[in-house]
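Data file: structure-v6.cif. Format and content: mmCIF, C-alpha atoms.
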data_structure
#
loop_
_atom_site.group_PDB
_atom_site.id
_atom_site.type_symbol
_atom_site.label_atom_id
_atom_site.label_comp_id
_atom_site.auth_asym_id
_atom_site.auth_seq_id
_atom_site.Cartn_x
_atom_site.Cartn_y
_atom_site.Cartn_z
ATOM 1 C CA MET A 1 99.243 83.848 94.908
ATOM 2 C CA THR A 2 95.841 82.618 93.841
ATOM 3 C CA ALA A 3 94.510 83.450 90.400
ATOM 4 C CA ARG A 4 91.858 86.099 90.067
ATOM 5 C CA HIS A 5 89.173 86.019 87.384
ATOM 6 C CA ASN A 6 90.658 88.760 85.174
ATOM 7 C CA THR A 7 94.343 88.061 85.663
ATOM 8 C CA SER A 8 96.547 85.272 84.446
ATOM 9 C CA ASN A 9 97.638 82.496 86.756
ATOM 10 C CA GLU A 10 101.003 84.139 87.314
ATOM 11 C CA ILE A 11 101.752 87.369 89.107
ATOM 12 C CA TYR A 12 105.397 88.246 89.566
ATOM 13 C CA PHE A 13 106.445 90.372 92.531
ATOM 14 C CA GLU A 14 109.528 92.509 92.981
ATOM 15 C CA LEU A 15 110.329 93.884 96.427
ATOM 16 C CA ARG A 16 112.896 96.651 96.733
ATOM 17 C CA GLN A 17 113.877 98.771 99.703
ATOM 18 C CA VAL A 18 114.194 102.476 98.891
ATOM 19 C CA GLY A 19 115.322 104.382 101.957
ATOM 20 C CA SER A 20 112.780 103.805 104.705
ATOM 21 C CA TYR A 21 110.174 102.450 102.259
ATOM 22 C CA LEU A 22 109.579 99.055 100.716
ATOM 23 C CA ARG A 23 108.361 99.116 97.112
ATOM 24 C CA CYS A 24 106.393 96.174 95.765
ATOM 25 C CA THR A 25 105.853 95.846 92.034
ATOM 26 C CA ALA A 26 103.310 93.310 90.770
ATOM 27 C CA ILE A 27 103.549 92.210 87.132
ATOM 28 C CA ASP A 28 100.850 90.245 85.298
ATOM 29 C CA GLY A 29 102.494 87.244 83.634
ATOM 30 C CA LYS A 30 100.152 87.270 80.630
ATOM 31 C CA THR A 31 99.954 90.957 79.705
ATOM 32 C CA GLY A 32 103.096 92.410 81.263
ATOM 33 C CA VAL A 33 101.051 95.143 82.972
ATOM 34 C CA GLU A 34 102.700 96.273 86.183
ATOM 35 C CA VAL A 35 101.710 98.332 89.205
ATOM 36 C CA THR A 36 103.696 99.539 92.191
ATOM 37 C CA VAL A 37 102.753 100.162 95.820
ATOM 38 C CA ALA A 38 104.937 101.339 98.678
ATOM 39 C CA GLY A 39 104.870 101.130 102.438
ATOM 40 C CA PRO A 40 107.159 101.420 105.430
ATOM 41 C CA VAL A 41 109.922 98.837 105.768
ATOM 42 C CA SER A 42 108.347 97.694 109.036
ATOM 43 C CA ARG A 43 105.241 96.477 107.182
ATOM 44 C CA ASN A 44 104.951 92.769 106.424
ATOM 45 C CA PRO A 45 105.972 92.190 102.753
ATOM 46 C CA GLU A 46 103.027 89.793 102.314
ATOM 47 C CA GLN A 47 100.628 92.665 103.051
ATOM 48 C CA LEU A 48 102.258 94.757 100.325
ATOM 49 C CA LYS A 49 102.004 91.824 97.910
ATOM 50 C CA ARG A 50 98.264 91.504 98.612
ATOM 51 C CA VAL A 51 97.691 95.215 98.066
ATOM 52 C CA ALA A 52 99.749 95.155 94.867
ATOM 53 C CA ALA A 53 97.782 92.145 93.560
ATOM 54 C CA GLN A 54 94.492 93.935 94.308
ATOM 55 C CA LYS A 55 95.713 97.064 92.539
ATOM 56 C CA LEU A 56 96.827 94.977 89.552
ATOM 57 C CA GLU A 57 93.396 93.337 89.371
ATOM 58 C CA TYR A 58 91.771 96.796 89.458
ATOM 59 C CA VAL A 59 93.999 98.113 86.671
ATOM 60 C CA LEU A 60 93.361 95.061 84.478
ATOM 61 C CA LYS A 61 89.589 95.326 84.982
ATOM 62 C CA LYS A 62 89.689 99.034 84.183
ATOM 63 C CA GLY A 63 91.275 98.286 80.835
#
If you took the structure in this file and wrote it as structure tokens, what would it be?
Amino acid sequence: MTARHNTSNEIYFELRQVGSYLRCTAIDGKTGVEVTVAGPVSRNPEQLKRVAAQKLEYVLKKG
């Protein structure tokens, strides 16, 4: 994943299937802040990773 201006260079992702949903947790490597998004299992995991990274960027900007 490419670095964004307010996040560290590392974003860790955890993908976990919960029933018919896929949960994607994104964790900022520098601050340890984490966010979670969910979508149907049929969705491409890379799409969930992108959404989670965008949400993480938003949360870090928000402070």
Please report the interatomic distance between atom CA of Tyr21 of chain A and atom CA of Asn9 of chain A in Å with one decimal.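 These atoms are spaced 28.2 Å apart.
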* **Explicit residues for the PyMOL selection byres ((chain A and resi 43) around 12) (as a PyMOL selection string)** => chain A and resi 17+20-24+38-42+44-49+51
- [ ] Find the residues with any atom within 9 Å of (99.3, 93.8, 88.0); use only C-alpha atoms and the coordinates as given in the file, and write the answer as number ranges by chain.
- [x] A: 7, 11-12, 25-29, 31-36, 52-60
Hey, could you pull the box centre and edge lengths for segment 38-48 of chain A, axis-aligned, 8 Å padding per side, all listed atoms, to one decimal in Å, as AutoDock Vina command-line options?
--center_x 105.3 --center_y 95.6 --center_z 103.9 --size_x 25.3 --size_y 27.6 --size_z 26.4
